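Read the structure below first, then the notes.
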Amino acid sequence: MQLIVAVTGLSCVGKTTAIEHFERLGLGQRIYLGKIILDEIRERDLLSISSNESLVRLELREKEGPAFLVRRSVPEIEECITTGNTAFIDAIFHQEELDYLRSSFSACKVVILGIEAELDIRTLRAATRVERRMTYDELQSRDKIELSRLKTRDIVSRADHRIANNSTMENFQASLDLIWTQLTAR
C-alpha cells in the first residue's frame, strides 16, 4: 500500500526540517502545499512577508474552502505516489484538509505526523530562518490563526505519531528515524 505522510504542527516546529530529513534518506518526496500561497503572492506582486501570506491564505480558504490547498495539490500527490514514492505533505493544518486528503487517496495509507515545540524555541527558529523569517509578534499572530480558526492543535493531538522537537537536531532526527521504522514495519 502506498504511503502518504501528512505533517502538521504550528509554525517553526520543524515540519519542513523533518521532511527534508526523510528526503535526504531517499524515502520520498516533499509536496509543499504552501507553494500555492507563495505563487499567489508573486502573481499579485505582493511582498513575501508573513502578513501577506496570512492574508492570501485566509482569503483563498474563504473563497475556495478550507481544503483548497490539498485539492489543488492532488495532481502533484498523484504523480508522486504513481512513481512509487512516499508523499510527504508539508503541511496539514485543518480537519477538512485531512478529510479531503484521505478521501482523495483512500487506496493509500495516510499517516499524520504531528510535531510540537515550545514557543521560545519556535520564536528563535522563526527569527533565524534564512527564508520567511518571522518576528515574535508575527509568530503569535500566525499561531492565533492556526489555533483558533484552523484548529491545528486538534490535528496534532490526533496525529498517528507525535514528536516534541525541543532538543538537538540529532535527537529530532533519531525520533524521525524511529517513526519511519514504525511506519514501514506495519
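We label chains A, B, ... in the order they appear in the C-alpha cells, count residues from 1 in each chain, and number ligands from 1 in the order shown.
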Item to complete: Name the residues of chain A that come out as helix (DSSP H, G or I) in a backbone DSSP run; write them as a PyMOL selection string.
Response: chain A and resi 15-24+35-43+50-64+68-82+95-104+119-128+136-149+152-157+169-185
Write the residues you've just listed into a file as a compact mmCIF listing (two decimals), in the first residue's frame, and include C-alpha atoms for each of them.
# COMPACT_ATOMS: atom_id res chain seq x y z
CA LYS A 15 7.81 20.31 9.72
CA THR A 16 9.95 21.11 6.69
CA THR A 17 13.11 20.05 8.50
CA ALA A 18 11.54 16.65 9.19
CA ILE A 19 10.54 16.17 5.57
CA GLU A 20 13.96 17.28 4.34
CA HIS A 21 15.48 14.63 6.61
CA PHE A 22 13.30 11.94 5.04
CA GLU A 23 14.15 13.22 1.55
CA ARG A 24 17.91 13.14 2.27
CA LYS A 35 3.92 26.91 -2.53
CA ILE A 36 0.41 27.68 -3.78
CA ILE A 37 0.27 30.67 -1.40
CA LEU A 38 3.76 31.86 -2.33
CA ASP A 39 2.93 31.59 -6.04
CA GLU A 40 -0.26 33.61 -5.50
CA ILE A 41 1.70 36.30 -3.63
CA ARG A 42 4.15 36.55 -6.54
CA GLU A 43 1.30 36.61 -9.05
CA SER A 50 4.13 36.82 6.89
CA SER A 51 1.18 39.23 6.93
CA ASN A 52 0.64 38.86 3.17
CA GLU A 53 0.90 35.08 3.43
CA SER A 54 -1.80 35.06 6.10
CA LEU A 55 -3.99 37.46 4.13
CA VAL A 56 -3.80 35.41 0.93
CA ARG A 57 -4.17 32.09 2.74
CA LEU A 58 -7.28 33.23 4.60
CA GLU A 59 -8.79 34.87 1.51
CA LEU A 60 -8.33 31.73 -0.59
CA ARG A 61 -9.67 29.50 2.20
CA GLU A 62 -12.74 31.72 2.39
CA LYS A 63 -13.20 31.66 -1.39
CA GLU A 64 -12.35 28.01 -2.14
CA PHE A 68 -8.25 24.15 -1.17
CA LEU A 69 -4.50 23.60 -0.72
CA VAL A 70 -4.89 19.82 -0.72
CA ARG A 71 -7.43 19.91 -3.54
CA ARG A 72 -5.11 21.96 -5.74
CA SER A 73 -2.20 19.63 -4.90
CA VAL A 74 -3.94 16.35 -5.80
CA PRO A 75 -2.23 16.07 -9.24
CA GLU A 76 1.23 16.52 -7.69
CA ILE A 77 0.47 13.98 -4.95
CA GLU A 78 -0.88 11.52 -7.54
CA GLU A 79 2.26 11.91 -9.63
CA CYS A 80 4.43 11.27 -6.58
CA ILE A 81 2.67 8.11 -5.45
CA THR A 82 2.33 6.82 -9.03
CA GLN A 95 -9.50 18.86 9.59
CA GLU A 96 -11.11 19.41 6.18
CA GLU A 97 -7.66 19.22 4.57
CA LEU A 98 -7.06 15.89 6.25
CA ASP A 99 -10.51 14.60 5.31
CA TYR A 100 -10.03 15.65 1.67
CA LEU A 101 -6.60 14.02 1.56
CA ARG A 102 -7.92 10.77 2.99
CA SER A 103 -10.95 10.66 0.69
CA SER A 104 -8.88 11.51 -2.40
CA LEU A 119 7.13 28.78 21.93
CA ASP A 120 10.55 30.17 22.94
CA ILE A 121 12.30 27.62 20.71
CA ARG A 122 9.95 28.33 17.79
CA THR A 123 10.49 32.07 18.26
CA LEU A 124 14.25 31.63 17.97
CA ARG A 125 13.81 29.47 14.87
CA ALA A 126 11.45 31.99 13.28
CA ALA A 127 13.91 34.83 13.83
CA THR A 128 16.89 32.92 12.41
CA TYR A 136 7.71 37.11 17.76
CA ASP A 137 4.58 39.17 17.01
CA GLU A 138 4.23 37.63 13.54
CA LEU A 139 4.61 34.14 15.00
CA GLN A 140 2.00 34.92 17.67
CA SER A 141 -0.37 36.22 15.01
CA ARG A 142 0.09 33.10 12.91
CA ASP A 143 -0.38 30.88 15.99
CA LYS A 144 -3.64 32.66 16.76
CA ILE A 145 -4.99 31.91 13.27
CA GLU A 146 -3.76 28.31 13.30
CA LEU A 147 -5.17 27.64 16.76
CA SER A 148 -8.47 29.50 16.65
CA ARG A 149 -9.56 29.45 13.00
CA THR A 152 -4.41 22.90 14.07
CA ARG A 153 -3.88 21.71 17.64
CA ASP A 154 -6.79 19.26 17.11
CA ILE A 155 -4.98 17.67 14.16
CA VAL A 156 -1.70 17.50 16.11
CA SER A 157 -3.41 15.93 19.13
CA MET A 169 18.85 18.19 15.69
CA GLU A 170 20.37 14.78 16.36
CA ASN A 171 17.60 13.89 18.82
CA PHE A 172 14.96 15.13 16.39
CA GLN A 173 16.39 13.06 13.54
CA ALA A 174 16.64 9.99 15.78
CA SER A 175 12.95 10.40 16.66
CA LEU A 176 12.09 10.72 12.97
CA ASP A 177 14.11 7.60 12.14
CA LEU A 178 12.27 5.66 14.84
CA ILE A 179 8.90 6.76 13.47
CA TRP A 180 9.95 5.77 9.93
CA THR A 181 10.91 2.31 11.23
CA GLN A 182 7.48 2.01 12.88
CA LEU A 183 5.70 3.17 9.72
CA THR A 184 7.43 0.69 7.47
CA ALA A 185 7.24 -2.24 9.91
Closest atom pairs, residues of stretch 112-145 of chain A within 6 Å of stretch 160-165 of chain A, only C-alpha atoms, as a Markdown table:
| residue | atom | partner | partner_atom | distance |
| --- | --- | --- | --- | --- |
| A:Ile112 | CA | A:Asp160 | CA | 5.2 |
| A:Leu113 | CA | A:His161 | CA | 5.0 |
| A:Gly114 | CA | A:Arg162 | CA | 4.6 |
| A:Ile115 | CA | A:Ile163 | CA | 4.9 |
| A:Glu116 | CA | A:Ala164 | CA | 4.8 |
| A:Ala117 | CA | A:Asn165 | CA | 5.1 |
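For the residues A:Ala91, A:Leu150, A:Val130, A:Val110, ranking by smallest atom-to-atom distance to A:Leu33 using only C-alpha atoms places A:Ala91 first.
For the atom pair formed by atom CA of A:Cys108 and atom CA of A:Thr86, the distance is 10.0 Å, given to one decimal.
Residues of chain A that DSSP places in strand (DSSP E or B), based on the backbone of this structure, are Leu3, Ile4, Val5, Ala6, Val7, Thr8, Gly28, Gln29, Arg30, Ile31, Tyr32, Thr86, Ala87, Phe88, Ile89, Asp90, Lys109, Val110, Val111, Ile112, Leu113, Gly114, Ile115, Glu116, His161, Arg162, Ile163 and Ala164 of chain A.
The space separating atom CA of A:Leu10 from atom CA of A:Ile31 comes to 17.5 Å.
Proximity to A:Lys151 was assessed for A:Ile92, A:Leu27, A:Ile49, A:Met1 counting only C-alpha atoms; the smallest distance is recorded for A:Ile92.
For the residues A:Lys109, A:Arg30, A:Arg158, A:Arg133, ranking by smallest atom-to-atom distance to A:Gly9 using only C-alpha atoms places A:Arg158 first.
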